[in-house]
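Note: the block below is run.txt and it holds compact mmCIF, C-alpha atoms.
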# COMPACT_ATOMS: atom_id res chain seq x y z
CA MET A 1 105.76 48.42 -5.33
CA LEU A 2 106.92 51.82 -6.45
CA ALA A 3 107.64 50.46 -9.92
CA LEU A 4 104.23 48.86 -10.17
CA GLY A 5 102.65 52.13 -9.10
CA LEU A 6 104.67 54.04 -11.69
CA ILE A 7 103.54 51.62 -14.39
CA ALA A 8 99.92 51.93 -13.29
CA VAL A 9 99.96 55.72 -13.17
CA GLY A 10 101.92 56.10 -16.40
CA SER A 11 99.71 53.83 -18.45
CA GLY A 12 96.66 55.41 -16.83
CA ALA A 13 97.88 58.78 -18.07
CA LEU A 14 98.29 57.27 -21.52
CA VAL A 15 94.72 55.94 -21.33
CA VAL A 16 93.31 59.41 -20.81
CA THR A 17 95.61 61.17 -23.28
CA SER A 18 96.01 58.74 -26.16
CA SER A 19 94.32 59.69 -29.38
CA HIS A 20 93.91 56.10 -30.56
CA LEU A 21 90.82 54.44 -29.17
CA VAL A 22 92.21 50.92 -29.38
CA ARG A 23 95.54 51.94 -27.89
CA ALA A 24 93.70 53.51 -24.98
CA GLY A 25 92.05 50.13 -24.40
CA PHE A 26 95.40 48.34 -24.35
CA TYR A 27 96.98 50.91 -22.05
CA LEU A 28 94.03 50.26 -19.77
CA VAL A 29 95.00 46.58 -19.78
CA VAL A 30 98.54 47.48 -18.71
CA SER A 31 97.32 49.80 -15.98
CA LEU A 32 94.85 47.28 -14.57
CA GLY A 33 97.49 44.56 -14.66
CA ALA A 34 99.86 46.75 -12.67
CA ILE A 35 97.12 47.41 -10.14
CA ALA A 36 96.57 43.66 -9.87
CA GLY A 37 100.28 43.37 -9.07
CA LEU A 38 99.81 45.97 -6.34
CA TYR A 39 96.99 43.89 -4.88
CA LEU A 40 99.30 40.89 -4.83
CA VAL A 41 101.94 42.85 -2.98
CA LEU A 42 99.38 44.10 -0.48
CA GLY A 43 98.32 40.59 0.35
CA ALA A 44 94.97 40.45 -1.39
CA GLU A 45 95.65 37.53 -3.67
CA MET A 46 92.03 36.70 -4.39
CA VAL A 47 91.27 40.26 -5.38
CA ALA A 48 94.27 40.29 -7.68
CA TRP A 49 93.15 37.24 -9.60
CA VAL A 50 89.58 38.42 -9.75
CA GLN A 51 90.90 41.69 -11.09
CA VAL A 52 92.85 39.91 -13.80
CA LEU A 53 89.87 37.74 -14.68
CA VAL A 54 87.10 40.29 -14.61
CA TYR A 55 88.81 43.49 -15.63
CA VAL A 56 91.51 42.36 -18.01
CA GLY A 57 89.57 39.38 -19.25
CA ALA A 58 86.06 40.70 -19.52
CA VAL A 59 85.68 44.43 -19.10
CA VAL A 60 88.46 45.46 -21.43
CA VAL A 61 87.32 42.94 -24.02
CA LEU A 62 83.82 44.39 -23.74
CA LEU A 63 85.18 47.89 -24.19
CA LEU A 64 87.16 46.86 -27.24
CA PHE A 65 84.05 45.21 -28.65
CA ALA A 66 82.21 48.47 -28.20
CA VAL A 67 85.06 50.31 -29.89
CA MET A 68 84.77 47.99 -32.86
CA LEU A 69 80.98 48.07 -32.99
CA THR A 70 80.90 51.84 -33.10
CA ARG A 71 83.17 51.80 -36.15
CA ALA A 72 85.96 53.67 -34.50
CA PRO A 73 88.81 54.61 -36.82
CA ILE A 74 92.02 52.65 -36.50
CA GLY A 75 94.28 55.68 -36.70
CA PRO A 76 94.32 58.68 -34.39
CA SER A 77 91.06 60.53 -33.97
CA ARG A 78 91.06 64.32 -34.04
CA ASP A 79 87.94 65.16 -32.13
CA LEU A 80 88.27 62.95 -29.09
CA ASP A 81 88.98 65.68 -26.59
CA ARG A 82 87.40 68.79 -25.23
CA PRO A 83 89.50 71.86 -24.47
CA ILE A 84 92.06 70.95 -21.90
CA ALA A 85 91.77 73.79 -19.41
CA PRO A 86 88.84 72.91 -17.13
CA ALA A 87 89.52 69.21 -17.13
CA ALA A 88 93.18 69.73 -16.32
CA ILE A 89 92.40 72.18 -13.58
CA ILE A 90 89.85 69.96 -11.92
CA GLY A 91 91.91 66.82 -12.34
CA ALA A 92 95.02 68.43 -10.93
CA GLY A 93 93.01 69.83 -8.07
CA VAL A 94 91.58 66.43 -7.22
CA GLY A 95 94.99 64.80 -7.47
CA PHE A 96 96.71 67.35 -5.28
CA GLY A 97 93.91 67.40 -2.77
CA LEU A 98 93.73 63.65 -2.36
CA THR A 99 97.47 63.24 -2.31
CA ALA A 100 97.89 65.92 0.32
CA LEU A 101 95.11 64.46 2.41
CA LEU A 102 96.40 60.91 2.35
CA ALA A 103 100.03 61.90 2.72
CA ASP A 104 99.11 63.98 5.71
CA ALA A 105 97.10 61.13 7.18
CA PHE A 106 99.78 58.49 6.78
CA ARG A 107 102.92 60.61 6.81
CA TRP A 108 105.86 58.23 7.18
CA THR A 109 104.10 55.33 8.74
CA GLU A 110 105.85 52.04 8.20
CA PHE A 111 103.91 48.84 7.93
CA GLU A 112 104.99 45.27 7.41
CA LEU A 113 103.52 43.58 4.38
CA PRO A 114 100.78 41.19 5.44
CA PRO A 115 101.02 37.50 4.62
CA PRO A 116 99.34 36.68 1.34
CA GLY A 117 95.73 35.93 1.97
CA ASN A 118 94.05 33.01 0.36
CA ALA A 119 90.65 32.38 -1.03
CA GLU A 120 89.61 30.39 2.01
CA ARG A 121 89.65 33.39 4.31
CA VAL A 122 87.88 35.52 1.73
CA GLY A 123 85.25 32.84 1.30
CA GLU A 124 84.66 32.60 5.02
CA GLN A 125 84.17 36.34 5.17
CA VAL A 126 81.95 36.58 2.14
CA PHE A 127 79.65 33.81 3.24
CA GLY A 128 79.86 34.69 6.91
CA ALA A 129 79.70 38.35 7.76
CA TRP A 130 78.96 39.73 4.32
CA VAL A 131 76.44 37.27 3.01
CA LEU A 132 73.61 39.80 2.75
CA PRO A 133 75.54 42.26 0.55
CA PHE A 134 76.63 39.26 -1.48
CA GLU A 135 73.06 38.24 -2.21
CA VAL A 136 72.04 41.81 -2.96
CA LEU A 137 74.94 41.99 -5.34
CA SER A 138 73.81 38.88 -7.13
CA ILE A 139 70.34 40.37 -7.58
CA LEU A 140 71.96 43.52 -8.88
CA LEU A 141 73.92 41.51 -11.42
CA LEU A 142 70.72 39.89 -12.58
CA ALA A 143 69.06 43.28 -12.89
CA ALA A 144 72.00 44.60 -14.87
CA LEU A 145 71.79 41.62 -17.19
CA VAL A 146 68.10 42.09 -17.82
CA GLY A 147 68.57 45.82 -18.23
CA ALA A 148 71.32 45.37 -20.79
CA ILE A 149 69.15 42.96 -22.76
CA VAL A 150 66.15 45.28 -22.68
CA LEU A 151 68.30 48.22 -23.72
CA SER A 152 69.81 46.45 -26.66
CA ARG A 153 66.50 45.17 -28.03
CA PRO A 154 64.58 47.94 -29.78
CA ASP A 155 61.31 46.00 -29.87
CA LEU A 156 60.99 45.81 -26.08
CA GLY A 157 59.42 48.78 -24.38
CA ALA A 158 59.48 50.98 -27.44
CA ARG A 159 56.94 53.79 -27.37
CA PRO A 160 54.85 54.23 -30.53
CA ASP A 161 55.97 57.14 -32.60
CA PRO A 162 53.12 59.72 -32.72
CA SER A 163 54.35 61.39 -35.88
CA ALA A 164 54.70 58.17 -37.84
CA PRO A 165 51.96 57.33 -40.36
CA PRO A 166 49.37 54.84 -39.10
CA PRO A 167 50.36 51.28 -39.77
CA GLU A 168 49.24 49.95 -43.11
CA PRO A 169 46.55 47.26 -43.18
CA PRO A 170 47.88 43.82 -43.81
CA HIS A 171 48.43 42.87 -47.37
CA ASP A 172 45.39 41.33 -49.08
CA PRO A 173 46.41 38.71 -51.63
CA THR A 174 43.20 39.11 -53.66
CA ASP A 175 43.71 42.83 -53.93
CA GLU A 176 45.74 42.83 -57.10
CA SER A 177 46.27 45.34 -59.83
CA ALA A 178 44.12 45.35 -62.99
CA GLU A 179 46.85 43.94 -65.15
CA VAL A 180 47.40 40.96 -62.89
CA VAL A 181 43.66 40.31 -62.69
CA ALA A 182 43.35 40.36 -66.50
CA ARG A 183 46.24 37.95 -66.83
CA LEU A 184 44.72 35.58 -64.28
CA GLU A 185 41.39 35.66 -66.14
CA ARG A 186 43.11 34.91 -69.43
CA ILE A 187 44.89 31.95 -67.88
CA ALA A 188 41.60 30.68 -66.45
CA THR A 189 39.79 30.83 -69.79
CA ARG A 190 42.68 29.08 -71.52
CA GLN A 191 42.61 26.31 -68.97
CA ALA A 192 38.85 25.90 -69.31
CA ALA A 193 39.15 25.63 -73.09
CA ALA A 194 41.87 23.03 -72.83
CA GLN A 195 39.83 20.99 -70.37
CA ALA A 196 36.80 21.07 -72.67
CA ARG A 197 38.96 19.94 -75.57
CA VAL A 198 40.35 17.02 -73.63
CA ARG A 199 36.91 15.97 -72.45
CA GLN A 200 35.54 16.09 -75.97
CA ALA A 201 38.39 13.94 -77.33
CA ARG A 202 37.87 11.42 -74.56
CA ALA A 203 34.14 11.15 -75.25
CA ASP A 204 34.82 10.66 -78.96
CA ALA A 205 37.29 7.89 -78.28
CA LEU A 206 34.88 6.12 -75.95
CA ALA A 207 32.08 6.28 -78.51
CA ALA A 208 34.31 4.88 -81.28
CA GLU A 209 35.45 2.04 -79.00
CA ALA A 210 31.89 1.14 -78.10
CA ALA A 211 30.90 1.09 -81.75
CA ALA A 212 33.85 -1.17 -82.66
CA ALA A 213 33.06 -3.54 -79.79
CA ALA A 214 29.47 -3.81 -80.90
CA ALA A 215 30.57 -4.60 -84.46
CA GLU A 216 33.04 -7.27 -83.21
CA ALA A 217 30.42 -8.85 -80.98
CA ALA A 218 28.13 -9.05 -83.94
CA GLU A 219 30.83 -10.70 -86.11
CA ALA A 220 32.75 -13.00 -83.79
CA GLU A 221 31.87 -16.56 -82.85
CA PRO A 222 33.49 -18.72 -80.18
CA GLU A 223 36.11 -20.97 -81.74
CA PRO A 224 36.52 -24.59 -80.65
CA VAL A 225 39.60 -25.26 -78.54
CA ASP A 226 42.30 -27.05 -80.46
CA PRO A 227 43.89 -29.81 -78.33
CA LEU A 228 47.20 -29.52 -80.16
CA LYS A 229 47.34 -25.83 -79.50
CA GLN A 230 46.48 -26.49 -75.87
CA ARG A 231 49.36 -28.92 -75.50
CA ALA A 232 51.78 -26.52 -77.13
CA ALA A 233 50.70 -23.81 -74.79
CA ASP A 234 51.16 -26.12 -71.83
CA LEU A 235 54.63 -26.99 -72.95
CA ILE A 236 55.68 -23.43 -73.51
CA PHE A 237 54.28 -22.04 -70.32
CA GLY A 238 55.30 -25.05 -68.31
CA ALA A 239 58.86 -24.60 -69.45
CA HIS A 240 58.58 -21.01 -68.55
CA ASP A 241 57.49 -21.92 -65.06
CA ALA A 242 60.19 -24.54 -64.66
CA ARG A 243 62.93 -22.11 -65.68
CA PRO A 244 65.31 -21.25 -62.80
CA LYS A 245 64.38 -17.97 -61.24
CA ILE A 246 66.81 -15.26 -60.41
CA GLY A 247 67.87 -15.36 -56.83
CA GLU A 248 66.98 -18.96 -56.15
CA PRO A 249 69.54 -21.71 -56.46
CA GLY A 250 68.94 -23.91 -59.42
CA GLU A 251 68.67 -27.62 -59.24
CA ALA A 252 72.10 -28.12 -60.73
CA GLU A 253 73.66 -25.84 -58.14
CA ILE A 254 71.94 -27.62 -55.30
CA LEU A 255 73.27 -30.88 -56.51
CA ASP A 256 76.83 -29.60 -56.98
CA SER A 257 79.16 -31.97 -55.25
CA ARG A 258 81.98 -29.50 -54.68
CA ILE A 259 80.18 -27.89 -51.76
CA ILE A 260 80.14 -30.38 -48.99
CA PRO A 261 78.88 -29.16 -45.68
CA GLY A 262 80.89 -30.11 -42.62
CA GLU A 263 84.24 -30.54 -44.29
CA SER A 264 86.01 -28.27 -41.82
CA VAL A 265 85.44 -30.76 -39.04
CA ILE A 266 88.78 -32.40 -38.48
CA GLU A 267 88.85 -35.89 -37.23
CA ARG A 268 90.76 -36.36 -34.04
CA ASP A 269 91.23 -39.30 -31.83
CA GLU A 270 91.35 -37.22 -28.67
CA PRO A 271 89.93 -33.78 -27.93
CA ILE A 272 92.57 -31.11 -27.48
CA GLU A 273 92.55 -28.59 -24.72
CA PRO A 274 91.93 -25.33 -26.51
CA ARG A 275 93.88 -23.18 -24.05
CA ARG A 276 97.08 -25.06 -24.31
CA ALA A 277 97.00 -25.09 -28.07
CA ILE A 278 96.43 -21.38 -28.28
CA GLU A 279 99.15 -20.58 -25.80
CA GLY A 280 101.73 -22.64 -27.50
CA GLU A 281 100.99 -21.62 -30.99
CA ARG A 282 100.33 -17.95 -31.09
CA PRO A 283 103.66 -16.55 -32.36
CA THR A 284 104.28 -19.30 -34.83
CA THR A 285 100.85 -19.08 -36.25
CA GLY A 286 101.24 -15.39 -36.85
CA ARG A 287 104.51 -15.75 -38.66
CA ARG A 288 103.43 -18.60 -40.83
CA SER A 289 100.16 -17.07 -41.74
CA ILE A 290 102.07 -14.03 -42.98
CA GLU A 291 104.00 -16.33 -45.27
CA GLY A 292 100.71 -17.51 -46.61
CA ASN A 293 99.18 -20.68 -47.97
CA VAL A 294 98.74 -22.18 -44.56
CA ILE A 295 95.35 -22.72 -43.09
CA GLU A 296 95.07 -22.16 -39.40
CA GLY A 297 93.18 -25.29 -38.70
CA ASP A 298 95.95 -27.35 -40.26
CA LEU A 299 98.49 -25.66 -38.04
CA VAL A 300 96.66 -26.61 -34.93
CA GLU A 301 96.33 -30.10 -36.19
CA GLU A 302 100.06 -30.39 -36.96
CA LYS A 303 101.40 -29.04 -33.76
CA ARG A 304 98.99 -30.70 -31.44
CA PRO A 305 100.66 -34.02 -30.78
CA GLN A 306 103.99 -32.49 -29.77
CA PRO A 307 104.53 -32.14 -26.06
CA GLU A 308 104.47 -28.57 -24.92
CA ARG A 309 107.63 -28.52 -22.85
CA GLU A 310 109.65 -29.50 -25.90
CA LYS A 311 108.19 -26.70 -27.96
CA LEU A 312 109.03 -24.14 -25.37
CA GLU A 313 112.61 -25.22 -25.12
CA GLY A 314 113.11 -25.59 -28.81
CA ARG A 315 112.41 -22.00 -29.71
CA PRO A 316 115.23 -19.66 -28.85
CA GLU A 317 113.34 -16.42 -29.44
CA ARG A 318 110.96 -17.08 -26.63
CA PRO A 319 112.43 -16.73 -23.15
CA ALA A 320 112.36 -20.01 -21.35
CA LEU A 321 109.91 -20.02 -18.54
CA PRO A 322 110.69 -21.75 -15.30
CA ALA A 323 109.09 -25.11 -15.00
CA GLY A 324 107.05 -24.39 -11.89
CA ASP A 325 105.71 -21.26 -13.45
CA ASP A 326 104.66 -23.11 -16.54
CA LYS A 327 102.81 -25.68 -14.53
CA GLU A 328 101.06 -22.98 -12.63
CA GLU A 329 99.94 -21.49 -15.86
CA GLN A 330 98.44 -24.70 -16.98
CA MET B 1 107.30 49.69 3.56
CA HIS B 2 105.83 53.16 3.63
CA ALA B 3 102.08 53.21 3.93
CA VAL B 4 101.88 56.34 1.86
CA ILE B 5 102.94 54.75 -1.42
CA PRO B 6 99.73 52.85 -2.34
CA TYR B 7 97.58 55.75 -1.19
CA VAL B 8 99.40 58.24 -3.35
CA ILE B 9 99.26 55.89 -6.32
CA ALA B 10 95.54 55.50 -5.80
CA SER B 11 94.91 59.21 -5.52
CA LEU B 12 96.92 59.87 -8.68
CA LEU B 13 94.89 57.24 -10.52
CA PHE B 14 91.69 58.78 -9.27
CA ALA B 15 92.81 62.20 -10.45
CA LEU B 16 93.62 60.72 -13.86
CA GLY B 17 90.15 59.20 -13.97
CA VAL B 18 88.51 62.53 -13.15
CA TYR B 19 90.61 64.22 -15.79
CA GLY B 20 89.65 61.59 -18.35
CA VAL B 21 85.95 61.81 -17.60
CA LEU B 22 86.02 65.56 -17.98
CA ARG B 23 88.29 65.66 -21.00
CA ARG B 24 87.09 62.91 -23.27
CA ARG B 25 84.20 63.26 -25.66
CA ASN B 26 83.93 59.64 -26.73
CA ALA B 27 81.58 57.72 -24.46
CA ILE B 28 83.73 54.59 -24.49
CA LEU B 29 86.79 56.54 -23.38
CA VAL B 30 84.70 58.04 -20.59
CA LEU B 31 83.85 54.53 -19.49
CA MET B 32 87.55 53.65 -19.47
CA ALA B 33 88.28 56.63 -17.26
CA VAL B 34 85.50 55.55 -14.92
CA GLU B 35 87.21 52.17 -14.71
CA LEU B 36 90.41 53.91 -13.65
CA MET B 37 88.56 55.71 -10.86
CA LEU B 38 86.96 52.50 -9.64
CA ASN B 39 90.34 50.84 -9.55
CA ALA B 40 91.77 53.70 -7.55
CA VAL B 41 89.04 53.20 -4.96
CA ASN B 42 89.73 49.47 -4.93
CA LEU B 43 93.39 50.13 -4.37
CA ILE B 44 92.62 52.41 -1.44
CA LEU B 45 90.41 49.73 0.12
CA VAL B 46 93.01 47.00 -0.23
CA ALA B 47 95.78 49.26 1.03
CA ALA B 48 93.71 50.27 4.02
CA ASP B 49 93.09 46.63 4.71
CA ALA B 50 96.82 46.06 4.88
CA THR B 51 97.95 49.22 6.65
CA VAL B 52 95.26 50.51 8.95
CA ARG B 53 96.08 48.24 11.86
CA SER B 54 99.68 49.38 11.98
CA VAL B 55 98.56 52.99 11.68
CA LEU B 56 96.02 52.82 14.49
CA ASN B 57 98.48 51.55 16.98
CA GLY B 58 97.39 52.96 20.27
CA VAL B 59 93.72 53.13 19.52
CA THR B 60 91.43 50.84 21.43
CA PRO B 61 89.11 49.09 19.00
CA GLU B 62 85.41 49.41 19.31
CA ALA B 63 83.33 46.29 19.33
CA TRP B 64 81.21 47.27 16.35
CA ALA B 65 84.28 47.86 14.25
CA TYR B 66 85.04 44.17 14.10
CA PRO B 67 82.10 42.18 12.88
CA VAL B 68 84.40 39.25 12.25
CA PRO B 69 87.30 38.20 14.45
CA GLU B 70 89.93 38.72 11.77
CA PRO B 71 89.19 41.85 9.79
CA ARG B 72 89.97 41.45 6.15
CA SER B 73 87.04 43.42 4.89
CA GLY B 74 88.92 45.59 2.44
CA ALA B 75 89.40 42.70 0.05
CA ILE B 76 85.70 41.84 0.32
CA PHE B 77 84.71 45.39 -0.50
CA ALA B 78 87.14 45.39 -3.40
CA LEU B 79 85.52 42.24 -4.75
CA PHE B 80 82.09 43.80 -4.45
CA ILE B 81 83.26 46.91 -6.28
CA ILE B 82 84.73 44.80 -9.05
CA VAL B 83 81.37 43.11 -9.52
CA LEU B 84 79.61 46.48 -9.49
CA ALA B 85 82.05 47.79 -12.08
CA ALA B 86 81.38 44.81 -14.32
CA ALA B 87 77.62 45.40 -14.13
CA GLU B 88 78.10 49.11 -14.74
CA VAL B 89 80.23 48.50 -17.81
CA GLY B 90 77.68 46.06 -19.19
CA VAL B 91 74.74 48.42 -18.86
CA GLY B 92 76.80 51.43 -19.91
CA LEU B 93 77.98 49.76 -23.07
CA ALA B 94 74.44 48.66 -23.87
CA ILE B 95 73.33 52.29 -23.59
CA VAL B 96 76.24 53.48 -25.71
CA LEU B 97 75.58 50.94 -28.44
CA GLN B 98 71.87 51.74 -28.50
CA TYR B 99 72.66 55.43 -28.80
CA TYR B 100 75.09 54.67 -31.58
CA ARG B 101 72.41 52.71 -33.41
CA LEU B 102 70.02 55.62 -33.23
CA HIS B 103 72.36 58.51 -33.94
CA ARG B 104 75.49 57.05 -35.53
CA ALA B 105 77.67 58.81 -32.99
CA VAL B 106 79.07 58.29 -29.51
CA VAL B 107 80.05 61.89 -28.82
CA ILE B 108 78.56 62.79 -25.49
CA ASP B 109 78.69 66.54 -26.10
CA GLU B 110 75.95 66.23 -28.66
CA VAL B 111 73.56 64.19 -26.59
CA VAL B 112 70.35 66.18 -26.29
CA LEU B 113 68.87 65.52 -22.92
CA ASP B 114 65.57 67.43 -23.00
CA GLU B 115 64.24 65.85 -26.13
CA HIS B 116 62.79 62.44 -26.84
CA ASP B 117 64.32 60.22 -29.39
CA HIS B 118 61.48 60.15 -31.86
CA GLU B 119 61.18 63.94 -31.85
CA LYS B 120 64.86 64.14 -32.55
CA GLN B 121 64.50 61.74 -35.44
CA VAL B 122 61.64 63.65 -36.98
CA THR B 123 63.24 67.05 -36.71
CA GLY B 124 66.71 66.11 -37.72
Structure rendered as structure tokens:
Amino acid sequence: MLALGLIAVGSGALVVTSSHLVRAGFYLVVSLGAIAGLYLVLGAEMVAWVQVLVYVGAVVVLLLFAVMLTRAPIGPSRDLDRPIAPAAIIGAGVGFGLTALLADAFRWTEFELPPPGNAERVGEQVFGAWVLPFEVLSILLLAALVGAIVLSRPDLGARPDPSAPPPEPPHDPTDESAEVVARLERIATRQAAAQARVRQARADALAAEAAAAAAEAAEAEPEPVDPLKQRAADLIFGAHDARPKIGEPGEAEILDSRIIPGESVIERDEPIEPRRAIEGERPTTGRRSIEGNVIEGDLVEEKRPQPEREKLEGRPERPALPAGDDKEEQ
Amino acid sequence: MHAVIPYVIASLLFALGVYGVLRRRNAILVLMAVELMLNAVNLILVAADATVRSVLNGVTPEAWAYPVPEPRSGAIFALFIIVLAAAEVGVGLAIVLQYYRLHRAVVIDEVVLDEHDHEKQVTG
């Protein structure tokens, strides 16, 4: 206990005297860890673990985040401290005063260390006698959360700056400079000219076409249909229609005799029990199918007429099952 | 075990915290010193929880002093103070970071208290 106290006080002194910001944070970790050890010794186990979780795990990490976010230098900082005299005087005075007071109050009282408390007792107390402070504390945590968020957002609750110039009116897209307006007008006239040109060309082409059609209609006469030509056309286009299409099976393929449906049906004189065949044949089938060139259906067909008892005895690699067991399986 | 040991440790830690708060100029280091002081108070509470009954040996207890049959209130108070310290560090660090964003500094000597932020920005 004395050693833990020495560690706590020593690293606490380093926290307040170190000239490295980050090192001060890590000395704070050591000091708080030693205090957590003191809590353990004094029988407040729950408080010790909450101390480790909240202080060492959260508060110190938050402080180190703040150290990083304020761009603190890694090395020692010169201007961290005020002049030592008043602080040392007041600190020493507080230390001596408190130490004298408490030492006088407790003198040489001995006490036996209490049994380590557990979370159950603490929970009974928190939710029994101290439930109102507990709820108030939860509301306070919520308020602290909201307050931290409001503080760190500059757009919430910001007063308007009286000395700032009045806010500019929103940007008008039609309010352009003279150069941009001239360029837009030039582009518009160019587009209008191009459209007129295209329309003119189209009208000319339509007029020429109409004139040609009128001349053709004047010249042409309906020709009599040649029966020979008609038959040739029938032949050609009929052959075109009869040609095999892509994606459909042709007539020759449909009539191919190599594909016979239903060939995998094996003729048997008696139906086999599927369970027995599968049980008896599983290892052998695997091995022989690795060797290849053996179709599974053939295997079943070969091995089927043999009696099963004989197969089981004939293979040494399979442990022989007792007869009663085998019958039970079947 | 002497009852004086945890109390003296706690008072030394509290004195270190006071010294740190008065000595340091960096706001984050001041917050660390405040943490030390809060832990000293926690240590006193837990130690009192463990030692007070052996100290007050011949004293007859009052009825209002024991709201629960088995008094272990020091640990409860310590838990509450830990939660308070966590909330305080959260809000304090938010303030420090906001101040840093406005002024690019966390030196608490140079904080001007009787001047609004926008006036400060315009003048300097």
For this session: Name the residues in contact with Tyr100 of chain B at a cut-off of 9 Å, using only C-alpha atoms, excluding same-chain residues fewer than 5 positions from it; report them as a VMD selection string.
Result: (chain A and resid 69 to 70) or (chain B and resid 95 105 to 106)
Produce the centre coordinates and the three edge lengths, each in Å to one decimal, of the box along x, y and z that contains all listed atoms of segment 35-49 of chain B with 3 Å added on each side, as JSON.
{"center_x": 91.4, "center_y": 51.2, "center_z": -5.0, "size_x": 14.8, "size_y": 15.1, "size_z": 25.4}
Problem set entry | For Ile7 of chain A: contacts at 8 Å, only C-alpha atoms, fewer than 6 positions along chain excluded, given as a ChimeraX atom specification | /A:30-31,34
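For the set A:Tyr27, A:Phe127, A:Trp49, A:Trp108, the residue with the smallest atom-to-atom gap to chain B is A:Trp108, counting only C-alpha atoms.
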Exercise. When you draw a straight line from atom CA of Ala100 of chain A to atom CA of Ser18 of chain A, how long is it in Å?
Worked result: 27.5 Å
Exercise. Near chain A, which residues of chain B fall within 6 Å when you count all atoms listed in the file, and what do they look like as a ChimeraX atom specification?
Worked result: /B:1-4,8-9,11-13,15,18-20,22-26,54,87,91,94,98
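Residue nearest Ala33 of chain B, chosen from B:Val111, B:Val89, B:Ile81, B:Pro6 and counting all atoms listed in the file: B:Val89.
Interatomic distance, atom CA of Gly92 of chain B to atom CA of Leu31 of chain B: 7.7 Å.
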